[in-house]
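**Q** Quick one: the structure is below, and I'll ask about it shortly.
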Amino acid sequence: MTPPDIVARRIGAEAQPIAIVDGFHPDPAALRAAALVARFEPGRHHYPGLRAALPPGYFAAVRPALTAVLAGVFDQRGGVSLLDASFSIVTTPPARLSVTQRLPHVDATDPRRIALVHYLGAGDGTAFFRHRATGFETVDRGRAAGYLDMLNAELRRDGAPPAAYVADSTPLFERTALVEARPNRAVIYRSALLHSGAIQPDAVLSPDPADGRLTITAFLSLT
């Protein structure tokens with residue numbers, strides 16, 4: 001079995017670490033087969049699509065790669081707790097996106113929170129952004145109030161952004177990095193980084209796991 005290939009990068013002016021791991025899971029075909037029979041339901045917390053439970057043993061299988069990333073890229077020597085994890089498929093048409101879903105976002109403002117996206121099929125990757133007006137690439141607790149005040153003022157001034165996923169630079173946000181999706185590639189980053197699924201206008205938004213943008217998304221807390 002080929003060991004995972006781990007590449008560490010620092011992105012943007014804030015030089016935040018991210019990890020790109022190819023060959024993340026030892027049996028991606030089994031994961032795709034499990035997704036085909038999984039029960040998908042509408043996602044929560046503004047996720048623009050469907051989610052389903054993972055098969056048992058997923059994290060045991062990826063633990064060697066994940067442990068290496070957390071220690072080598074995020075300098076984590078303590079414990080790690082799993083907050084949430086699921087199969088995910090983006091399905092919401094651009095015309096039905098909420099204003100929040102048309103903007104880069106953070107998953108949490110706690111710097112100890114880590115996000116993971118594991119791509120299982122063809123589709124679009126993940127983009128990272130800088131908010132032009134504040135210069136923020138991460139939004140922690142100390143920045144959150146000022147960032148939201150500025151962003152809301154910009155939206156009142158300029159109106160809602162176009163009904164589209166944000167995959168590239170916009171008048172309000174500059175893209176700082178793009179991680180392309182490849183089957184069995186994972187990208188791991190701090191949840192406070194401004195980011196978005198880089199969903200292109202012609203993307204296939206099928207709810208079928210065999211055709212749609214099938215990923216596993218997970219959120220961890222470093223202790």
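FYI, nothing fancy with the structure tokens labels: chains A, B, ... in order, residues from 1 per chain, ligands from 1 as they appear.
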Counting only C-alpha atoms, what is within 9 Å of region 87-104 of chain A, bar same-chain residues fewer than 3 positions away, as a PyMOL selection string?

**A** chain A and resi 35+38+40+43+46-54+127-129+131+160-167+173+194-197+199+201+204-209+212-218

**Q** From region 23-128 of chain A, collect each residue whose DSSP state is strand (DSSP E or B) and return the set as number ranges by chain.

**A** A: 41-42, 49-52, 80-90, 105, 113-119, 126-128

**Q** Between A:Leu193, A:Ile114, A:Ala33, A:Val69, which is the closest to Val139 (chain A) once you count only C-alpha atoms?

**A**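 Ranked by minimum distance to Val139 (chain A), first place goes to A:Leu193.
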
**Q** For Pro28 (chain A), please output as a PyMOL selection string all residues within 12 Å (counting only C-alpha atoms; exclusion window: fewer than 4 positions along the same chain).

**A** chain A and resi 22-24+32-35+55+58+61-62+118-121+182-186+214-216

**Q** Pull C-alpha atoms from the residues just selected and write them as a PDB file, in the first residue's frame.

**A**
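Result went into result_39.pdb, see below:
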```
ATOM      1  CA  ASP A  22      -3.021  12.538  -1.456  1.00  0.00           C
ATOM      2  CA  GLY A  23      -3.842   8.894  -0.809  1.00  0.00           C
ATOM      3  CA  PHE A  24      -5.578   9.901   2.427  1.00  0.00           C
ATOM      4  CA  ARG A  32     -17.632   5.481  -2.480  1.00  0.00           C
ATOM      5  CA  ALA A  33     -19.547   2.195  -2.302  1.00  0.00           C
ATOM      6  CA  ALA A  34     -20.724   3.068   1.210  1.00  0.00           C
ATOM      7  CA  ALA A  35     -21.897   6.485   0.019  1.00  0.00           C
ATOM      8  CA  PRO A  55     -19.242   4.019   7.792  1.00  0.00           C
ATOM      9  CA  TYR A  58     -13.314   5.739   8.845  1.00  0.00           C
ATOM     10  CA  ALA A  61      -8.269   4.056   8.666  1.00  0.00           C
ATOM     11  CA  VAL A  62      -7.070   7.658   8.253  1.00  0.00           C
ATOM     12  CA  HIS A 118     -11.772  14.616   1.832  1.00  0.00           C
ATOM     13  CA  TYR A 119     -12.594  14.545  -1.886  1.00  0.00           C
ATOM     14  CA  LEU A 120     -13.961  11.210  -3.087  1.00  0.00           C
ATOM     15  CA  GLY A 121     -14.765  11.914  -6.723  1.00  0.00           C
ATOM     16  CA  ARG A 182      -8.573  14.944  -6.695  1.00  0.00           C
ATOM     17  CA  PRO A 183     -10.039  11.565  -5.752  1.00  0.00           C
ATOM     18  CA  ASN A 184      -8.783  10.519  -2.300  1.00  0.00           C
ATOM     19  CA  ARG A 185      -7.147  13.888  -1.608  1.00  0.00           C
ATOM     20  CA  ALA A 186      -7.785  15.674   1.684  1.00  0.00           C
ATOM     21  CA  LEU A 214     -18.961  13.751  -3.044  1.00  0.00           C
ATOM     22  CA  THR A 215     -16.711  14.603  -0.112  1.00  0.00           C
ATOM     23  CA  ILE A 216     -16.278  13.783   3.531  1.00  0.00           C
TER      24      ILE A 216
END
```

**Q** Rank nothing, just name the residue among A:Thr134, A:Asn152, A:Thr109, A:Thr126 nearest to Val179 (chain A), using only C-alpha atoms.

**A** A:Thr126

**Q** Determine, counting only C-alpha atoms, which protein, DNA and RNA residues have an atom within 9 Å of an atom of Phe74 (chain A); residues of the same chain fewer than 3 positions away are not included. Present the result as number ranges by chain.

**A** A: 17-19, 69-71, 189-190

**Q** Among the residues of region 54-185 of chain A, find those DSSP assigns to alpha helix (DSSP H) from the backbone and print them as a ChimeraX atom specification.

**A** /A:58-72,141-158

**Q** Between CA of Arg112 (chain A) and CA of Leu222 (chain A), what distance in Å does the model show, to one decimal?

**A**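 A separation of 5.1 Å between them.
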
**Q** State, in Å with one decimal place, the distance from CA of Asp27 (chain A) to CA of Ala115 (chain A).

**A** 21.4 Å

**Q** Measuring between only C-alpha atoms, which one of A:Ala8, A:Val73, A:Leu172, A:Ala198 shows the shortest distance to Leu155 (chain A)?

**A**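 Among A:Ala8, A:Val73, A:Leu172, A:Ala198, it is A:Leu172 that comes nearest to Leu155 (chain A).
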
**Q** Given the choices A:Ala29, A:Ala15, A:Leu116, A:Ala177, which gets closest to Ser221 (chain A) if the distance is worked out from only C-alpha atoms?

**A**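 Counting only C-alpha atoms, the residue closest to Ser221 (chain A) is A:Leu116.
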